[in-house]
Amino acid sequence: MNVVVPCYRYGGYVTQTVTSILRNQHVDIDVLVIDDASPDDSWDVVQGLPHLDPRVRVVRNARNQGLIATANDGLEQAKGDYVVLLSADDALAPGWLDRGVDLLERTPHATFAKGPVRVFEGAHLPTLRKQRDLRSVVWPGHDWIAASCDRGVTDVRSPEVIVRTSAQREAGGYNPKVPYSSDMEMWLRLAVLGDVVEVSGPIAAFYRFHPANMSRGKDLLGVGELDSNAAAFAEWRAGAGSQLDDADALMARADHALARAAVHKARAAFLQDPGMFERLCAFALEKDSEWARPEVAKLRARFGAPLATRLRDRAAPVTEAVLRTRRRVPHLRARAGLYSAWVNDRLGTADHTRSGMKETGR
């Protein structure tokens, strides 16, 4: 089992990340930490990691290559049956590799397994309270892709995924053409090659929100997130997706989901950012013009009325303050994730019962 940890300026987190990996006791682990020519003291921290455990190896890029190239270099070195790509600011929950590998061993046609993720902020990992019993559902790859198309996004963050190395080799590396959604495009590619094991119950991984997250380089609160998701679907359709007989129908479902999301965002954007309102409307029309045309026409008629325009202009100071706050407080999205995690802790992760899925239990 290989765990690849790309690190760029994450010296303050990487020791915690590696320690979390080493808590798994029932699988043979090889940890490779790659410092991507960090300009700060991260390499000083990384060099000390092999002292924690002889299973930890470290290397340093001679020059900065970026996350995708660094990740692909690490994946090419994977020799075990399974591989995990873990950012140096995230962490694994105790025992996730043990549980996930066991499930993949018993599901030979699956290309990857994913488990529940806890979103958090700050220096310390969350305390895990008593959680529900482990359960797993095996999605046929095509069904998982179809569900992702209907959402317009995959329900995967990244640290919670264990990939079968042979499938990773067949799928290839991460695609630099989609830097903000390369992981999403990868999961779609892998699902073309086999089933997906979805695990509920104990937390699998921790995803840290902070201002330096790579995903924040995109306008994720406007049309940028939708653009990134659309690009991932398009790259997948042009590549691995072309192997599926119903690839065009699946893309149409993804485009429809993206158009609906754009219309939903446009309602809020009218008050906050009129320019973004028009961009979102245009995006919806581009993705599914037949469905979006009447919806956009209704929005434009409603918000183009003189009364609505006057109300928006009068509310401008308030909406501008909201925008400033949103820019200054990048963890607002994390708050939503933290609340969701709080609810899941108490209600448990929902079990899937869709037709076509094969359920297993432990």
# chains A, B, ... in the order shown; residues from 1 in each chain; ligands from 1
>>> residues_around(residues="Cys7 of chain A", least_positions_apart="4", cutoff="6 Å", atoms="only C-alpha atoms", output="list in words")
Ile34, Asp35 and Ala88 of chain A
>>> write_last_selection(atoms="C-alpha atoms", output="PDB file, in the first residue's frame")
ATOM      1  CA  ILE A  34       7.423  14.917  -2.086  1.00  0.00           C
ATOM      2  CA  ASP A  35       8.359  18.499  -1.299  1.00  0.00           C
ATOM      3  CA  ALA A  88      -0.068  17.440   3.078  1.00  0.00           C
TER       4      ALA A  88
END
>>> residues_around(residues="Met184 of chain A", least_positions_apart="6", cutoff="8 Å", atoms="only C-alpha atoms", output="compact mmCIF listing (two decimals) with C-alpha atoms, in the first residue's frame")
# COMPACT_ATOMS: atom_id res chain seq x y z
CA VAL A 153 -20.36 16.96 -9.69
CA THR A 154 -18.80 13.91 -8.04
CA VAL A 156 -15.68 13.03 -3.57
CA ASN A 229 -17.01 20.95 -13.12
CA ALA A 232 -13.98 17.92 -15.95
>>> closest_residue(among="A:Val33, A:Leu188, A:Leu104, A:Ala123", to="Ala238 of chain A", atoms="only C-alpha atoms")
A:Leu188
>>> residues_around(residues="Ala262 of chain A", least_positions_apart="3", cutoff="7 Å", atoms="only C-alpha atoms", output="PyMOL selection string")
chain A and resi 258-259+265-266+280-281+283-284
>>> write_last_selection(atoms="N, CA, C and O atoms", output="CSV table (one decimal), in the first residue's frame")
chain,number,residue,atom,x,y,z
A,258,LEU,N,-25.8,21.1,-14.4
A,258,LEU,CA,-25.0,22.3,-14.3
A,258,LEU,C,-25.9,23.5,-14.6
A,258,LEU,O,-25.7,24.6,-14.0
A,259,ALA,N,-26.7,23.4,-15.6
A,259,ALA,CA,-27.6,24.5,-16.0
A,259,ALA,C,-28.5,24.8,-14.8
A,259,ALA,O,-28.8,26.0,-14.5
A,265,LYS,N,-27.9,29.6,-8.6
A,265,LYS,CA,-26.9,30.6,-8.2
A,265,LYS,C,-27.3,32.0,-8.6
A,265,LYS,O,-27.0,33.0,-8.0
A,266,ALA,N,-27.9,32.1,-9.8
A,266,ALA,CA,-28.2,33.4,-10.4
A,266,ALA,C,-29.2,34.1,-9.5
A,266,ALA,O,-29.2,35.4,-9.5
A,280,LEU,N,-24.0,33.8,-15.1
A,280,LEU,CA,-24.6,32.5,-14.7
A,280,LEU,C,-25.8,32.2,-15.7
A,280,LEU,O,-26.0,31.0,-16.0
A,281,CYS,N,-26.5,33.2,-16.0
A,281,CYS,CA,-27.6,33.0,-17.0
A,281,CYS,C,-27.0,32.5,-18.3
A,281,CYS,O,-27.6,31.6,-19.0
A,283,PHE,N,-24.2,30.9,-18.8
A,283,PHE,CA,-23.7,29.6,-18.6
A,283,PHE,C,-24.9,28.6,-18.7
A,283,PHE,O,-24.7,27.5,-19.3
A,284,ALA,N,-26.0,28.9,-18.0
A,284,ALA,CA,-27.1,28.0,-18.1
A,284,ALA,C,-27.6,27.8,-19.5
A,284,ALA,O,-27.9,26.6,-19.9
>>> residues_around(residues="segment 70-73 of chain A", least_positions_apart="2", cutoff="7 Å", atoms="only C-alpha atoms", output="ChimeraX atom specification")
/A:6,36,65-68,75-77,173-174
>>> write_last_selection(atoms="N, CA, C and O atoms", output="compact mmCIF listing (two decimals), in the first residue's frame")
# COMPACT_ATOMS: atom_id res chain seq x y z
N PRO A 6 2.07 14.91 -1.65
CA PRO A 6 2.70 16.12 -2.19
C PRO A 6 2.66 17.23 -1.16
O PRO A 6 1.65 17.42 -0.46
N ASP A 36 7.63 19.96 -3.06
CA ASP A 36 7.67 20.55 -4.40
C ASP A 36 8.44 21.87 -4.39
O ASP A 36 7.91 22.93 -4.74
N GLN A 65 7.12 22.08 -9.55
CA GLN A 65 6.41 21.49 -10.69
C GLN A 65 4.91 21.69 -10.64
O GLN A 65 4.22 21.43 -11.63
N GLY A 66 4.39 22.08 -9.51
CA GLY A 66 2.94 22.18 -9.36
C GLY A 66 2.36 20.87 -8.85
O GLY A 66 2.98 19.81 -8.91
N LEU A 67 1.14 20.97 -8.32
CA LEU A 67 0.52 19.83 -7.65
C LEU A 67 0.31 18.64 -8.58
O LEU A 67 0.62 17.50 -8.24
N ILE A 68 -0.21 18.88 -9.77
CA ILE A 68 -0.57 17.76 -10.64
C ILE A 68 0.67 16.99 -11.09
O ILE A 68 0.71 15.75 -11.03
N LEU A 75 2.63 8.97 -8.06
CA LEU A 75 1.82 7.81 -8.42
C LEU A 75 2.59 6.83 -9.30
O LEU A 75 2.39 5.61 -9.21
N GLU A 76 3.46 7.35 -10.14
CA GLU A 76 4.26 6.47 -10.99
C GLU A 76 5.20 5.58 -10.18
O GLU A 76 5.62 4.52 -10.64
N GLN A 77 5.51 6.01 -8.97
CA GLN A 77 6.43 5.23 -8.13
C GLN A 77 5.71 4.21 -7.24
O GLN A 77 6.36 3.45 -6.52
N GLY A 173 -2.43 9.36 -15.31
CA GLY A 173 -2.25 10.38 -14.28
C GLY A 173 -3.34 11.44 -14.30
O GLY A 173 -4.26 11.41 -15.12
N TYR A 174 -3.20 12.38 -13.39
CA TYR A 174 -4.13 13.50 -13.32
C TYR A 174 -3.94 14.42 -14.52
O TYR A 174 -2.83 14.61 -15.02
>>> atom_distance(atom1="atom CA of Asp30 of chain A", atom2="atom CA of Leu49 of chain A")
12.8 Å
>>> closest_residue(among="A:Val263, A:Ala110, A:Val45, A:Ala252", to="Val138 of chain A", atoms="only C-alpha atoms")
A:Ala110
>>> closest_residue(among="A:Glu105, A:Asp89, A:Asp273, A:Glu198", to="Phe120 of chain A", atoms="only C-alpha atoms")
A:Asp89
>>> closest_residue(among="A:Arg118, A:Ala231, A:Val161, A:His51", to="Pro176 of chain A", atoms="only C-alpha atoms")
A:Ala231
>>> residues_around(residues="His26 of chain A", least_positions_apart="4", cutoff="10 Å", atoms="only C-alpha atoms", output="list in words")
Gly95, Leu97, Asp98, Arg99, Val101 and Asp102 of chain A
>>> residues_around(residues="segment 286-300 of chain A", least_positions_apart="5", cutoff="12 Å", atoms="only C-alpha atoms", output="PyMOL selection string")
chain A and resi 152+226-227+229-231+233-234+251-270+274+277-281+305-306+308-309
>>> write_last_selection(atoms="C-alpha atoms", output="mmCIF file, in the first residue's frame")
data_model
loop_
_atom_site.group_PDB
_atom_site.id
_atom_site.type_symbol
_atom_site.label_atom_id
_atom_site.label_comp_id
_atom_site.auth_asym_id
_atom_site.auth_seq_id
_atom_site.Cartn_x
_atom_site.Cartn_y
_atom_site.Cartn_z
ATOM 1 C CA GLY A 152 -23.285 17.867 -11.960
ATOM 2 C CA LEU A 226 -19.461 25.367 -12.462
ATOM 3 C CA ASP A 227 -16.882 26.070 -15.161
ATOM 4 C CA ASN A 229 -17.007 20.948 -13.118
ATOM 5 C CA ALA A 230 -18.085 21.378 -16.727
ATOM 6 C CA ALA A 231 -14.465 21.177 -17.873
ATOM 7 C CA PHE A 233 -17.027 16.335 -17.572
ATOM 8 C CA ALA A 234 -15.922 17.535 -21.020
ATOM 9 C CA MET A 251 -23.121 14.391 -20.834
ATOM 10 C CA ALA A 252 -26.572 15.799 -21.524
ATOM 11 C CA ARG A 253 -27.588 14.866 -17.976
ATOM 12 C CA ALA A 254 -24.479 16.545 -16.585
ATOM 13 C CA ASP A 255 -25.093 19.680 -18.658
ATOM 14 C CA HIS A 256 -28.682 19.809 -17.432
ATOM 15 C CA ALA A 257 -27.569 19.525 -13.802
ATOM 16 C CA LEU A 258 -25.004 22.295 -14.318
ATOM 17 C CA ALA A 259 -27.618 24.520 -15.970
ATOM 18 C CA ARG A 260 -29.987 24.042 -13.025
ATOM 19 C CA ALA A 261 -27.194 24.870 -10.581
ATOM 20 C CA ALA A 262 -26.384 28.049 -12.534
ATOM 21 C CA VAL A 263 -30.002 29.208 -12.445
ATOM 22 C CA HIS A 264 -30.129 28.547 -8.699
ATOM 23 C CA LYS A 265 -26.941 30.572 -8.153
ATOM 24 C CA ALA A 266 -28.222 33.360 -10.398
ATOM 25 C CA ARG A 267 -31.111 34.114 -8.051
ATOM 26 C CA ALA A 268 -28.687 35.029 -5.269
ATOM 27 C CA ALA A 269 -26.201 36.688 -7.606
ATOM 28 C CA PHE A 270 -28.732 39.308 -8.738
ATOM 29 C CA PRO A 274 -25.355 41.781 -11.270
ATOM 30 C CA PHE A 277 -26.017 37.145 -12.584
ATOM 31 C CA GLU A 278 -25.626 37.570 -16.339
ATOM 32 C CA ARG A 279 -22.645 35.223 -16.505
ATOM 33 C CA LEU A 280 -24.616 32.520 -14.707
ATOM 34 C CA CYS A 281 -27.587 32.999 -17.006
ATOM 35 C CA ALA A 305 -38.316 45.279 -13.556
ATOM 36 C CA PRO A 306 -37.751 48.872 -12.349
ATOM 37 C CA ALA A 308 -36.409 45.147 -8.514
ATOM 38 C CA THR A 309 -33.594 47.277 -9.895
#
